$ cat entry_37.txt   # compact mmCIF, C-alpha atoms
# COMPACT_ATOMS: atom_id res chain seq x y z
CA MET M 92 -9.49 -14.72 15.74
CA ARG M 93 -8.69 -18.41 15.61
CA ASN M 94 -6.47 -19.63 12.79
CA VAL M 95 -7.08 -22.96 11.05
CA ASP M 96 -4.60 -25.43 9.58
CA ALA M 97 -5.89 -26.96 6.35
CA ALA M 98 -3.46 -29.74 5.44
CA GLY M 99 -0.54 -27.45 6.23
CA LEU M 100 -2.11 -24.30 4.76
CA GLY M 101 -2.66 -21.63 7.38
CA ILE M 102 -5.99 -19.80 7.18
CA GLY M 103 -6.96 -16.88 9.42
CA ASP M 104 -5.88 -13.45 10.60
CA ASP M 105 -2.21 -14.45 10.80
CA TYR M 106 -2.07 -15.44 7.12
CA PRO M 107 -2.60 -13.81 3.71
CA PRO M 108 -6.00 -14.21 2.07
CA ARG M 109 -6.41 -17.64 0.51
CA ILE M 110 -7.92 -18.23 -2.92
CA MET M 111 -10.21 -21.21 -3.53
CA GLY M 112 -10.51 -22.12 -7.19
CA VAL M 113 -13.46 -24.15 -8.43
CA LEU M 114 -13.73 -27.32 -10.50
CA ASN M 115 -17.03 -29.10 -11.16
CA VAL M 116 -17.59 -32.68 -12.24
CA SER M 117 -21.31 -31.94 -12.32
CA GLU M 118 -22.75 -31.57 -15.81
CA GLU M 119 -25.58 -29.38 -14.52
CA SER M 120 -23.30 -26.69 -13.03
CA PRO M 121 -23.95 -23.34 -14.71
CA TYR M 122 -20.36 -22.07 -15.14
CA GLU M 123 -19.27 -24.08 -18.19
CA PRO M 124 -15.52 -23.30 -18.16
CA SER M 125 -15.17 -25.13 -14.83
CA VAL M 126 -17.23 -28.22 -15.76
CA PHE M 127 -15.48 -31.44 -16.84
CA ASP M 128 -16.31 -35.12 -17.14
CA ASP M 129 -12.85 -36.18 -18.36
CA ALA M 130 -10.33 -36.47 -15.51
CA ALA M 131 -7.24 -35.69 -17.60
CA GLU M 132 -8.79 -32.54 -19.08
CA ALA M 133 -10.00 -31.50 -15.65
CA ALA M 134 -6.55 -31.96 -14.16
CA ASP M 135 -5.02 -29.80 -16.87
CA TYR M 136 -7.56 -27.08 -16.06
CA VAL M 137 -6.72 -27.34 -12.36
CA ASP M 138 -2.99 -27.04 -13.05
CA THR M 139 -3.10 -24.20 -15.58
CA ALA M 140 -6.22 -22.17 -14.77
CA LEU M 141 -6.30 -22.62 -10.99
CA ILE M 142 -3.02 -23.60 -9.30
CA ASP M 143 -0.66 -21.82 -11.73
CA GLU M 144 -2.82 -18.69 -11.41
CA GLY M 145 -2.56 -18.64 -7.62
CA ALA M 146 -5.21 -20.94 -6.15
CA ASP M 147 -4.28 -22.19 -2.69
CA ILE M 148 -7.32 -24.48 -2.49
CA VAL M 149 -9.17 -26.36 -5.24
CA ASP M 150 -12.83 -27.05 -4.46
CA ILE M 151 -14.32 -29.91 -6.47
CA GLY M 152 -18.10 -30.02 -6.71
CA LEU M 153 -20.02 -33.21 -7.42
CA GLU M 154 -23.35 -31.50 -8.08
CA SER M 155 -24.83 -28.06 -8.53
CA ALA M 156 -26.61 -26.63 -5.49
CA ASN M 157 -28.71 -24.37 -7.73
CA LYS M 158 -32.33 -24.40 -6.61
CA ARG M 159 -33.48 -25.23 -10.16
CA PHE M 160 -32.05 -28.76 -9.98
CA GLU M 161 -33.06 -31.86 -8.09
CA VAL M 162 -30.85 -32.70 -5.13
CA LEU M 163 -28.63 -35.73 -5.63
CA SER M 164 -28.61 -38.47 -3.01
CA ALA M 165 -25.43 -39.49 -1.20
CA GLU M 166 -25.28 -42.57 -3.44
CA GLN M 167 -25.49 -40.45 -6.59
CA GLU M 168 -22.73 -38.18 -5.34
CA LEU M 169 -20.58 -41.21 -4.53
CA ASP M 170 -21.05 -42.40 -8.12
CA ARG M 171 -19.36 -39.18 -9.27
CA LEU M 172 -16.58 -39.30 -6.71
CA ASP M 173 -14.43 -41.67 -8.80
CA THR M 174 -13.98 -38.93 -11.40
CA ALA M 175 -13.03 -36.39 -8.74
CA VAL M 176 -10.46 -38.75 -7.21
CA GLU M 177 -9.05 -39.49 -10.65
CA VAL M 178 -8.53 -35.75 -11.15
CA LEU M 179 -6.35 -35.68 -8.01
CA ASP M 180 -4.24 -38.49 -9.46
CA HIS M 181 -3.57 -36.48 -12.64
CA VAL M 182 -2.85 -33.06 -11.10
CA SER M 183 0.82 -32.10 -10.92
CA GLY M 184 0.51 -28.81 -9.04
CA ASP M 185 0.43 -28.32 -5.27
CA ALA M 186 -2.80 -27.24 -3.58
CA VAL M 187 -5.22 -28.20 -0.83
CA PHE M 188 -8.09 -30.20 -2.32
CA SER M 189 -11.59 -29.69 -0.96
CA ILE M 190 -14.65 -31.84 -1.66
CA GLU M 191 -17.94 -29.96 -1.88
CA THR M 192 -20.77 -32.06 -0.47
CA ARG M 193 -23.60 -32.11 2.04
CA TYR M 194 -23.30 -35.76 3.11
CA HIS M 195 -21.01 -37.21 5.75
CA GLU M 196 -20.71 -40.48 3.81
CA VAL M 197 -19.34 -38.65 0.78
CA ALA M 198 -16.98 -36.56 2.88
CA ASP M 199 -15.68 -39.64 4.67
CA GLU M 200 -15.02 -41.50 1.43
CA ALA M 201 -13.40 -38.47 -0.25
CA LEU M 202 -11.11 -37.80 2.71
CA SER M 203 -10.13 -41.47 2.79
CA ARG M 204 -9.20 -41.27 -0.91
CA GLY M 205 -6.97 -38.21 -0.92
CA PHE M 206 -9.01 -35.07 -0.34
CA ASP M 207 -7.70 -32.61 2.28
CA MET M 208 -10.77 -30.72 3.47
CA VAL M 209 -14.55 -30.44 3.12
CA ASN M 210 -16.83 -27.69 1.85
CA ASP M 211 -20.21 -28.45 3.45
CA ILE M 212 -22.87 -26.55 1.52
CA CYS M 213 -25.58 -27.54 4.02
CA GLY M 214 -23.81 -26.25 7.12
CA PHE M 215 -23.80 -29.47 9.18
CA ALA M 216 -27.46 -30.18 8.42
CA ASP M 217 -26.08 -33.71 8.39
CA PRO M 218 -25.21 -33.93 12.10
CA LYS M 219 -22.54 -36.57 11.45
CA MET M 220 -20.52 -34.22 9.24
CA PRO M 221 -18.57 -32.55 12.09
CA GLU M 222 -17.81 -35.99 13.54
CA VAL M 223 -16.32 -37.12 10.23
CA CYS M 224 -14.24 -33.95 9.85
CA GLU M 225 -12.94 -34.24 13.41
CA ALA M 226 -12.11 -37.93 12.93
CA HIS M 227 -10.01 -37.06 9.88
CA ASP M 228 -8.66 -33.90 11.59
CA VAL M 229 -9.44 -31.72 8.56
CA ALA M 230 -10.62 -28.18 7.94
CA VAL M 231 -14.25 -27.78 6.92
CA ALA M 232 -16.00 -24.81 5.35
CA LYS M 233 -19.51 -24.56 6.77
CA MET M 234 -22.04 -22.65 4.68
CA ALA M 235 -25.02 -21.11 6.47
CA SER M 236 -28.03 -23.32 5.83
CA PRO M 237 -31.29 -24.49 7.39
CA PRO M 238 -31.23 -27.91 9.07
CA ASP M 239 -32.40 -29.48 5.82
CA LEU M 240 -30.18 -31.47 3.44
CA GLU M 241 -32.32 -30.40 0.48
CA ARG M 242 -32.14 -26.64 1.06
CA PRO M 243 -28.49 -25.57 1.08
CA GLY M 244 -27.82 -21.95 1.90
CA ALA M 245 -31.49 -20.99 1.87
CA VAL M 246 -31.37 -18.85 5.02
CA GLU M 247 -33.79 -16.16 4.01
CA GLU M 248 -33.49 -13.73 6.93
CA VAL M 249 -30.11 -12.10 7.42
CA ASP M 250 -30.66 -12.07 11.18
CA ASP M 251 -30.85 -15.89 11.11
CA ILE M 252 -27.50 -16.48 9.37
CA TYR M 253 -25.41 -16.20 12.53
CA GLU M 254 -27.46 -18.84 14.33
CA ALA M 255 -27.54 -21.06 11.23
CA LEU M 256 -23.76 -21.08 11.23
CA LYS M 257 -23.84 -22.43 14.78
CA GLN M 258 -26.18 -25.37 14.08
CA ASN M 259 -24.67 -28.67 15.24
CA GLY M 260 -21.65 -26.80 16.56
CA LEU M 261 -18.26 -25.85 15.18
CA THR M 262 -15.17 -27.98 14.95
CA ASP M 263 -11.76 -26.53 15.85
CA LYS M 264 -11.05 -26.29 12.13
CA THR M 265 -14.33 -24.79 10.90
CA ILE M 266 -14.33 -21.95 8.38
CA VAL M 267 -17.69 -20.16 8.25
CA ASP M 268 -19.43 -19.09 5.03
CA PRO M 269 -22.46 -16.74 5.33
CA ALA M 270 -23.77 -17.99 1.95
CA PHE M 271 -24.23 -15.51 -0.88
CA GLY M 272 -26.36 -16.28 -3.90
CA GLY M 273 -29.82 -17.29 -5.05
CA TRP M 274 -30.25 -20.40 -2.97
CA SER M 275 -33.99 -19.89 -2.48
CA GLU M 276 -36.84 -18.00 -4.12
CA ALA M 277 -37.44 -15.95 -0.97
CA LYS M 278 -33.85 -14.72 -0.63
CA THR M 279 -33.48 -11.38 -2.42
CA LEU M 280 -30.51 -9.52 -3.84
CA GLU M 281 -30.94 -6.95 -1.11
CA ASP M 282 -30.64 -9.77 1.45
CA ASP M 283 -27.25 -10.62 -0.05
CA ARG M 284 -26.18 -6.98 0.04
CA GLU M 285 -27.25 -6.71 3.68
CA THR M 286 -25.25 -9.85 4.47
CA PHE M 287 -22.21 -8.29 2.81
CA ARG M 288 -22.67 -5.04 4.79
CA ARG M 289 -22.72 -7.11 7.99
CA LEU M 290 -19.78 -9.35 7.10
CA ARG M 291 -17.77 -8.17 10.13
CA GLU M 292 -20.52 -9.49 12.38
CA PHE M 293 -19.65 -13.10 11.53
CA ARG M 294 -16.18 -12.60 13.01
CA GLY M 295 -18.02 -12.87 16.31
CA LEU M 296 -18.00 -16.65 15.84
CA GLY M 297 -14.22 -16.63 16.30
CA GLN M 298 -13.58 -18.66 13.12
CA PRO M 299 -12.04 -17.76 9.74
CA ILE M 300 -14.55 -16.59 7.11
CA LEU M 301 -15.03 -17.79 3.52
CA VAL M 302 -16.95 -15.78 0.93
CA SER M 303 -18.21 -16.92 -2.45
CA ILE M 304 -19.17 -13.71 -4.26
CA ASN M 305 -17.68 -14.21 -7.72
CA ARG M 306 -19.97 -12.70 -10.37
CA LYS M 307 -22.99 -13.04 -8.06
CA ASN M 308 -26.31 -11.38 -8.97
CA PHE M 309 -26.31 -9.05 -5.97
CA LEU M 310 -23.17 -7.40 -7.36
CA ARG M 311 -24.02 -7.61 -11.06
CA GLU M 312 -27.30 -5.75 -10.58
CA LEU M 313 -25.50 -2.78 -9.03
CA ALA M 314 -23.60 -2.15 -12.25
CA GLY M 315 -26.13 -3.58 -14.70
CA ARG M 316 -23.71 -6.24 -15.91
CA SER M 317 -24.17 -9.73 -17.30
CA THR M 318 -22.28 -12.67 -15.83
CA GLU M 319 -19.64 -12.35 -18.55
CA GLU M 320 -19.17 -8.63 -17.80
CA ALA M 321 -19.22 -8.92 -14.01
CA LEU M 322 -15.54 -9.48 -13.20
CA PRO M 323 -14.84 -5.82 -12.23
CA VAL M 324 -17.66 -5.70 -9.66
CA SER M 325 -16.51 -9.04 -8.25
CA LEU M 326 -12.98 -7.74 -7.80
CA ALA M 327 -14.15 -4.55 -6.10
CA ALA M 328 -16.23 -6.62 -3.68
CA THR M 329 -13.33 -9.02 -3.09
CA SER M 330 -11.08 -6.23 -1.82
CA MET M 331 -13.86 -4.96 0.42
CA ALA M 332 -14.60 -8.46 1.76
CA VAL M 333 -10.97 -9.08 2.71
CA GLU M 334 -10.71 -5.66 4.35
CA ARG M 335 -13.84 -6.55 6.35
CA GLY M 336 -12.37 -9.82 7.56
CA ALA M 337 -12.79 -12.55 4.92
CA HIS M 338 -9.94 -15.07 4.86
CA VAL M 339 -10.86 -17.31 1.91
CA VAL M 340 -12.36 -16.16 -1.40
CA ARG M 341 -13.97 -18.82 -3.59
CA THR M 342 -13.78 -17.90 -7.28
CA HIS M 343 -13.63 -18.98 -10.91
CA ASP M 344 -11.33 -16.02 -11.75
CA VAL M 345 -8.27 -16.98 -9.77
CA ALA M 346 -5.49 -14.64 -10.90
CA GLU M 347 -7.61 -11.50 -10.83
CA THR M 348 -9.27 -12.37 -7.53
CA ARG M 349 -5.88 -13.06 -5.92
CA ASP M 350 -4.68 -9.57 -6.83
CA ALA M 351 -7.86 -7.93 -5.53
CA ALA M 352 -7.62 -9.89 -2.28
CA LEU M 353 -4.00 -8.81 -1.76
CA VAL M 354 -5.03 -5.16 -2.15
CA GLY M 355 -7.74 -5.60 0.49
CA ALA M 356 -5.26 -7.29 2.84
CA ALA M 357 -2.61 -4.61 2.36
CA PHE M 358 -4.93 -1.86 3.57
CA LYS M 359 -6.43 -3.61 6.57
CA ARG M 360 -5.65 -1.98 9.89
CA GLU M 361 -3.01 -3.60 12.08
CA ARG M 362 -5.02 -4.66 15.11
CA VAL M 363 -2.74 -6.75 17.36
CA ARG M 364 -0.56 -5.27 20.11
CA GLU M 365 1.86 -7.34 22.16
CA ALA M 366 4.08 -6.64 25.15
CA GLY M 367 5.65 -9.49 27.07
CA ALA M 368 3.00 -12.09 27.82
CA VAL M 369 0.12 -9.66 27.19
CA GLU M 370 -1.52 -9.73 23.75
CA VAL M 371 -4.51 -7.61 22.82
CA GLU M 372 -6.41 -7.43 19.53
CA GLU M 373 -8.63 -4.57 18.44
CA LEU M 374 -11.73 -6.29 17.09
CA ASP M 375 -13.37 -5.15 13.88
CA VAL M 376 -16.52 -3.75 15.49
CA THR M 377 -18.63 -0.98 13.98
CA THR M 378 -22.10 -1.58 15.46
CA PRO M 379 -23.55 -2.55 18.87
CA ARG M 380 -24.81 -5.77 17.27
CA GLU M 381 -21.25 -6.75 16.30
CA ALA M 382 -20.09 -5.98 19.85
CA ALA M 383 -22.88 -8.19 21.23
CA ARG M 384 -21.75 -11.13 19.09
CA HIS M 385 -18.23 -10.94 20.55
CA ILE M 386 -19.49 -10.49 24.10
CA GLU M 387 -21.58 -13.66 23.70
CA ARG M 388 -18.55 -15.53 22.27
CA VAL M 389 -16.44 -14.96 25.40
CA GLY M 390 -19.26 -16.01 27.71
CA GLY M 391 -20.75 -12.63 28.56
CA ASP M 392 -24.32 -11.43 28.33
CA PRO M 393 -24.90 -9.93 24.85
CA ARG M 394 -27.63 -7.72 26.30
CA ALA M 395 -24.84 -5.82 28.05
CA ALA M 396 -23.54 -4.51 24.72
CA PRO M 397 -23.33 -0.71 24.57
CA ASP M 398 -26.12 1.27 22.97
CA ALA M 399 -23.70 3.19 20.78
CA VAL M 400 -20.83 1.98 18.61
CA SER M 401 -17.84 1.23 20.83
CA ASN M 402 -14.33 -0.04 20.36
CA VAL M 403 -13.64 -3.58 21.51
CA PHE M 404 -10.25 -5.02 22.47
CA GLU M 405 -9.72 -8.70 23.19
CA PHE M 406 -7.04 -9.88 25.61
CA ALA M 407 -5.76 -13.40 24.96
CA SER M 408 -4.36 -13.86 28.47
CA LEU M 409 -4.29 -11.82 31.66
CA SER M 410 -2.85 -12.62 35.06
CA PRO M 411 -5.19 -12.24 38.06
CA GLU M 412 -3.37 -9.02 38.99
CA GLN M 413 -3.70 -7.57 35.50
CA ARG M 414 -7.37 -8.45 35.28
CA GLY M 415 -7.96 -7.01 38.75
CA ALA M 416 -6.37 -3.73 37.69
CA LEU M 417 -8.66 -3.54 34.67
CA VAL M 418 -11.75 -4.38 36.74
CA ALA M 419 -10.94 -1.57 39.16
CA ALA M 420 -10.17 0.88 36.36
CA THR M 421 -13.38 0.25 34.43
CA LYS M 422 -15.52 0.94 37.51
CA GLU M 423 -14.55 4.59 37.21
CA SER M 424 -13.72 4.98 33.51
CA GLY M 425 -17.06 4.07 31.94
CA ALA M 426 -15.57 1.16 29.97
CA MET M 427 -16.80 -2.43 30.37
CA LEU M 428 -14.81 -5.61 31.01
CA VAL M 429 -16.36 -8.89 29.84
CA GLY M 430 -15.01 -12.41 30.17
CA GLY M 431 -16.14 -15.94 30.76
CA GLU M 432 -15.13 -19.56 30.64
CA SER M 433 -13.26 -19.04 27.36
CA GLY M 434 -10.38 -17.44 29.26
CA ARG M 435 -10.48 -14.44 26.92
CA THR M 436 -11.42 -10.95 28.08
CA LEU M 437 -13.04 -8.08 26.20
CA LEU M 438 -12.48 -4.43 27.02
CA VAL M 439 -15.39 -2.47 25.56
CA GLY M 440 -15.81 1.27 25.54
CA THR M 441 -15.83 4.63 23.82
CA PRO M 442 -12.45 6.17 22.95
CA GLY M 443 -12.64 8.45 26.00
CA ALA M 444 -13.49 5.58 28.36
CA LEU M 445 -10.62 3.49 26.99
CA VAL M 446 -8.13 6.32 27.46
CA ARG M 447 -9.32 6.78 31.05
CA THR M 448 -8.98 3.02 31.63
CA SER M 449 -5.39 3.01 30.39
CA VAL M 450 -4.50 5.73 32.89
CA ALA M 451 -6.36 4.19 35.83
CA ALA M 452 -4.94 0.68 35.30
CA SER M 453 -1.31 1.73 34.98
CA GLY M 454 1.40 0.70 37.42
CA VAL M 455 0.45 -2.94 38.02
CA SER M 456 2.29 -4.55 35.11
CA GLU M 457 4.86 -3.18 32.68
CA ALA M 458 3.46 -5.36 29.89
CA LEU M 459 -0.11 -4.29 30.55
CA ASP M 460 0.97 -0.65 30.74
CA ALA M 461 2.61 -0.98 27.33
CA VAL M 462 -0.43 -2.36 25.50
CA LEU M 463 -2.81 0.04 27.24
CA ALA M 464 -0.58 2.93 26.21
CA GLU M 465 -0.83 1.76 22.59
CA ILE M 466 -4.61 1.56 22.89
CA ALA M 467 -4.74 5.09 24.33
CA GLU M 468 -2.46 6.37 21.56
CA THR M 469 -4.99 5.10 18.99
CA PHE M 470 -7.52 7.63 20.27
CA THR M 471 -5.41 10.65 21.22
CA TYR M 472 -3.74 13.34 19.17
CA GLU M 473 -1.29 14.82 21.67
CA LYS M 474 1.70 12.99 20.19
CA THR M 475 0.87 14.15 16.67
CA TYR M 476 0.50 17.76 17.69
CA ALA M 477 3.65 17.64 19.85
CA GLU M 478 5.66 16.42 16.87
CA ARG M 479 4.37 19.31 14.76
CA ALA M 480 5.20 21.96 17.37

$ encode --input "entry_37.txt" --output "structure tokens"
Amino acid sequence: MRNVDAAGLGIGDDYPPRIMGVLNVSEESPYEPSVFDDAAEAADYVDTALIDEGADIVDIGLESANKRFEVLSAEQELDRLDTAVEVLDHVSGDAVFSIETRYHEVADEALSRGFDMVNDICGFADPKMPEVCEAHDVAVAKMASPPDLERPGAVEEVDDIYEALKQNGLTDKTIVDPAFGGWSEAKTLEDDRETFRRLREFRGLGQPILVSINRKNFLRELAGRSTEEALPVSLAATSMAVERGAHVVRTHDVAETRDAALVGAAFKRERVREAGAVEVEELDVTTPREAARHIERVGGDPRAAPDAVSNVFEFASLSPEQRGALVAATKESGAMLVGGESGRTLLVGTPGALVRTSVAASGVSEALDAVLAEIAETFTYEKTYAERA
């Protein structure tokens, strides 16, 4: 999984979960405690309710993306930007500041005036947005959206979210957001729940993941709670989201969400093995569809994904001799080796096939032997039983 540097803040598998607190300078935004039109009052809220409570990132919204409201033009958003910039001037705490917008003109101006990153709620529907973010060398959160600047996040079919996140490409510092919430009339609460169930699938894009699930309807309905009563369900989902691979959690409830995210991170499986120059990561794959996403990412044919759930290990670098040993081993073991122009290689197979591969490929490289032995140990019980004897 690629890590991203957001103005010095590391985001990705190698870092703890990051908390994105929310401030709105949009009078129409529905969550009143986060809405301000006075810069000094807003800055005090940022310092005390967000940064002091553990927010790593502060996301400032210029308008509400709620489907009930008219979409502002770039010019109207720019009219509100002065207030947002003034907030930055008054804040005393240390955080990464993100501007939430859909327009490249607004992003460009905000980044030129002190903002550190962009939260694009239309997922590069503005094709110049990635160019602006690359020119400023900043991180950008990209929310799944149709190619329409007036319909943010309204991807109605869960199967279409993955492709929506790829529209107009990905920058080296893109953070993907599968988009939870009632962005369109056709998107149902069950659609959101299905997206959450499939959260691991979006790791197949090879980018960090952001989730915005705080007090959302698809969670509230499960417990029959109002927005005001929905903090417990949000925190339960936060821990689950981080365990499933989310790296940034956007929230209004910073302190509580931080704690829930740390619990999720503490109980994630350790997935990276290293020996010498060989590094291998066990990918978080639970379905053939998830395996297919990763196979496509490294340049393989996704149709070659196994019919049953298999384990997938990703090698960051292999010498020609090491790769040759694995190719030969998989011909007999029943595992599959996939790689392409990315330079990364996937070893895909059932536990039995992976154990057989580790045996057949041994003897070529001490480093490769070491990581393969660790993979095999994941799926065998001999050591455990020997210790009990």

$ atom_distance --input "entry_37.txt" --atom1 "atom CA of M:Ala226" --atom2 "atom CA of M:Glu191"
17.8 Å

$ closest_residue --input "entry_37.txt" --among "M:Phe188, M:Phe404, M:Tyr194, M:Phe206" --to "M:Glu154" --atoms "all atoms listed in the file"
M:Tyr194

$ residues_around --input "entry_37.txt" --residues "stretch 290-306 of chain M" --least-positions-apart "6" --cutoff "7 Å" --atoms "all atoms listed in the file" --output "number ranges by chain"
M: 92-94, 102-103, 253, 265-268, 271, 318, 321-322, 325, 335-342, 375, 381, 384-385, 388

$ atom_distance --input "entry_37.txt" --atom1 "atom CA of M:Phe215" --atom2 "atom CA of M:Leu256"
8.6 Å

$ residues_around --input "entry_37.txt" --residues "stretch 462-472 of chain M" --least-positions-apart "3" --cutoff "9 Å" --atoms "only C-alpha atoms" --output "list in words"
Arg364, Glu365, Ala366, Val369, Glu370, Val371, Glu373, Phe404, Pro442, Gly443, Leu445, Val446, Arg447, Thr448, Ser449, Val450, Ala452, Ser453, Glu457, Ala458, Leu459, Thr475, Tyr476 and Ala477 of chain M

$ closest_residue --input "entry_37.txt" --among "M:Gly425, M:Gly367, M:Pro218, M:Gly355" --to "M:Ala332" --atoms "all atoms listed in the file"
M:Gly355

$ atom_distance --input "entry_37.txt" --atom1 "atom CA of M:Glu319" --atom2 "atom CA of M:Asp283"
20.1 Å

$ closest_residue --input "entry_37.txt" --among "M:Gly101, M:Pro269, M:Gly430, M:Gly260" --to "M:Ile386" --atoms "all atoms listed in the file"
M:Gly430

$ residues_around --input "entry_37.txt" --residues "M:Asp263" --least-positions-apart "5" --cutoff "10 Å" --atoms "all atoms listed in the file" --output "ChimeraX atom specification"
/M:93-96,221,224-225,228-231,298

$ closest_residue --input "entry_37.txt" --among "M:Thr441, M:Ser189, M:Ser456, M:Thr377" --to "M:Arg414" --atoms "all atoms listed in the file"
M:Ser456

$ closest_residue --input "entry_37.txt" --among "M:Gly184, M:Pro393, M:Gly244, M:Pro238" --to "M:Arg380" --atoms "only C-alpha atoms"
M:Pro393

$ residues_around --input "entry_37.txt" --residues "stretch 284-288 of chain M" --least-positions-apart "2" --cutoff "7 Å" --atoms "all atoms listed in the file" --output "list in words"
Val249, Leu280, Glu281, Asp282, Leu290 and Phe309 of chain M

$ closest_residue --input "entry_37.txt" --among "M:Leu172, M:Ala245, M:Ile212, M:Ala130" --to "M:Asp199" --atoms "only C-alpha atoms"
M:Leu172

$ build_atoms --input "entry_37.txt" --residues "stretch 353-359 of chain M" --atoms "all heavy atoms" --output "mmCIF file, in the coordinates of the input"
data_model
loop_
_atom_site.group_PDB
_atom_site.id
_atom_site.type_symbol
_atom_site.label_atom_id
_atom_site.label_comp_id
_atom_site.auth_asym_id
_atom_site.auth_seq_id
_atom_site.Cartn_x
_atom_site.Cartn_y
_atom_site.Cartn_z
ATOM 1 N N LEU M 353 -5.246 -9.340 -2.328
ATOM 2 C CA LEU M 353 -4.000 -8.810 -1.760
ATOM 3 C C LEU M 353 -4.101 -7.306 -1.510
ATOM 4 O O LEU M 353 -3.541 -6.800 -0.534
ATOM 5 C CB LEU M 353 -2.831 -9.123 -2.699
ATOM 6 C CG LEU M 353 -2.428 -10.597 -2.774
ATOM 7 C CD1 LEU M 353 -1.333 -10.791 -3.821
ATOM 8 C CD2 LEU M 353 -1.950 -11.111 -1.416
ATOM 9 N N VAL M 354 -4.824 -6.594 -2.377
ATOM 10 C CA VAL M 354 -5.030 -5.160 -2.150
ATOM 11 C C VAL M 354 -5.853 -4.953 -0.876
ATOM 12 O O VAL M 354 -5.520 -4.115 -0.031
ATOM 13 C CB VAL M 354 -5.737 -4.512 -3.364
ATOM 14 C CG1 VAL M 354 -6.168 -3.083 -3.038
ATOM 15 C CG2 VAL M 354 -4.808 -4.514 -4.572
ATOM 16 N N GLY M 355 -6.923 -5.717 -0.720
ATOM 17 C CA GLY M 355 -7.740 -5.600 0.490
ATOM 18 C C GLY M 355 -6.931 -5.896 1.737
ATOM 19 O O GLY M 355 -7.055 -5.208 2.761
ATOM 20 N N ALA M 356 -6.077 -6.924 1.676
ATOM 21 C CA ALA M 356 -5.260 -7.290 2.840
ATOM 22 C C ALA M 356 -4.225 -6.226 3.167
ATOM 23 O O ALA M 356 -3.936 -5.956 4.338
ATOM 24 C CB ALA M 356 -4.578 -8.637 2.577
ATOM 25 N N ALA M 357 -3.663 -5.603 2.143
ATOM 26 C CA ALA M 357 -2.610 -4.610 2.360
ATOM 27 C C ALA M 357 -3.112 -3.384 3.100
ATOM 28 O O ALA M 357 -2.346 -2.720 3.815
ATOM 29 C CB ALA M 357 -1.995 -4.200 1.024
ATOM 30 N N PHE M 358 -4.397 -3.074 2.959
ATOM 31 C CA PHE M 358 -4.930 -1.860 3.570
ATOM 32 C C PHE M 358 -5.816 -2.113 4.780
ATOM 33 O O PHE M 358 -6.511 -1.223 5.247
ATOM 34 C CB PHE M 358 -5.669 -1.040 2.501
ATOM 35 C CG PHE M 358 -4.733 -0.470 1.468
ATOM 36 C CD1 PHE M 358 -4.571 -1.097 0.253
ATOM 37 C CD2 PHE M 358 -3.974 0.646 1.745
ATOM 38 C CE1 PHE M 358 -3.688 -0.603 -0.698
ATOM 39 C CE2 PHE M 358 -3.094 1.152 0.808
ATOM 40 C CZ PHE M 358 -2.941 0.526 -0.416
ATOM 41 N N LYS M 359 -5.764 -3.333 5.296
ATOM 42 C CA LYS M 359 -6.430 -3.610 6.570
ATOM 43 C C LYS M 359 -5.630 -2.965 7.692
ATOM 44 O O LYS M 359 -4.406 -2.857 7.631
ATOM 45 C CB LYS M 359 -6.497 -5.122 6.820
ATOM 46 C CG LYS M 359 -7.452 -5.864 5.942
ATOM 47 C CD LYS M 359 -7.328 -7.358 6.121
ATOM 48 C CE LYS M 359 -7.724 -7.806 7.503
ATOM 49 N NZ LYS M 359 -7.704 -9.278 7.639
#
